[in-house]
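**Q** Have a look at this one.
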Amino acid sequence: MYKKLLIFLFFALLLYSCIGTDIVEDEVFPENLQITSAASSLKVGESFQFRAIYFGTSGKMEDVNLTWRTANPNILSIAQSGIATALDTGTTYVIVSTASISDSVTVTTGAATVVSETERRGTFAGLNSYDVEGDFILEQKGSSLELTFSGNFSATQGPGLHVYLTNNNNSVSGGVDLGELKANSGAQTYEIEDTELFNAYSYIMIYCQPFGVPFGLGTFDN
């Protein structure tokens, strides 16, 4: 009986602490446009599909009209579909824009095609007095992405912990729920079907979903 009482008090305290640090989700975000698939160099005569995504003031991805162009169309041409073709050797910019914002990447045209990074790494840290630590890696795996927590991962026990991709360091507003945390310690993998999310988010968050409390934040190093 005494043991059951202790367990009950433990979870009651945990739930109370979650409620006490509840956060507001209805935030307003700045518009954000990101090129998510790019080639740092492109072989003359070859083509590559550039892609971009747009985040509105809700922090969520939205479909908007995108305009593609290059700084030097004699070196690199690009269609409004985002398909670029290297015409001559040199260095230029690929630029994508909406009515209000833009993003760009540098592309060198020459002897070889080199696609930008295919993996991103980072490290977790705790939030709101909770302990979360360890390393993670996000990799492109064919037609999907894999988010893998390393064997050194550990997180404080809590109710309804979920893993999120987010662009806010204290909220999951506009983020992507990758599902329930599979284990509070050790290696684990989460599959993401949309490869366009590879460069779309800045953080991985461990989040107490029932009470809206961030437990830990993983920040990408690249």
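How things are named: the first chain in the structure tokens is A, the next is B, and so on; residues count from 1 in each chain; ligands count from 1 in the order shown.
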Excluding Gln80 (chain A) and residues on its chain fewer than 2 positions from it, collect all residues at most 8 Å away from it, counting only C-alpha atoms, and give them as a PyMOL selection string.

**A** chain A and resi 66-69+78+82-83

**Q** As a ChimeraX atom specification, please: the residues near Ala52 (chain A) (cut-off 12 Å, only C-alpha atoms, same-chain neighbours under 6 positions excluded).

**A** /A:32-38,61-68,80-83,94-98,102-105,195-200

**Q** Could you please determine the separation between CA of Glu31 (chain A) and CA of Arg120 (chain A) in Å, to one decimal place?

**A**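 So the two atoms, CA of Glu31 (chain A) and CA of Arg120 (chain A), lie 23.3 Å apart.
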
**Q** Counting only C-alpha atoms, figure out which residue out of A:Phe50, A:Phe211, A:Tyr201, A:Phe153 gets nearest to Asp131 (chain A).

**A**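 Closest to Asp131 (chain A), using only C-alpha atoms: A:Phe153.
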
**Q** Can you list, as a VMD selection string, every protein, DNA or RNA residue that comes within 12 Å of Thr156 (chain A) when you count only C-alpha atoms, leaving out same-chain residues fewer than 6 positions away?

**A** chain A and resid 14 125 to 133 181 183 to 185 206 to 208 214 to 216
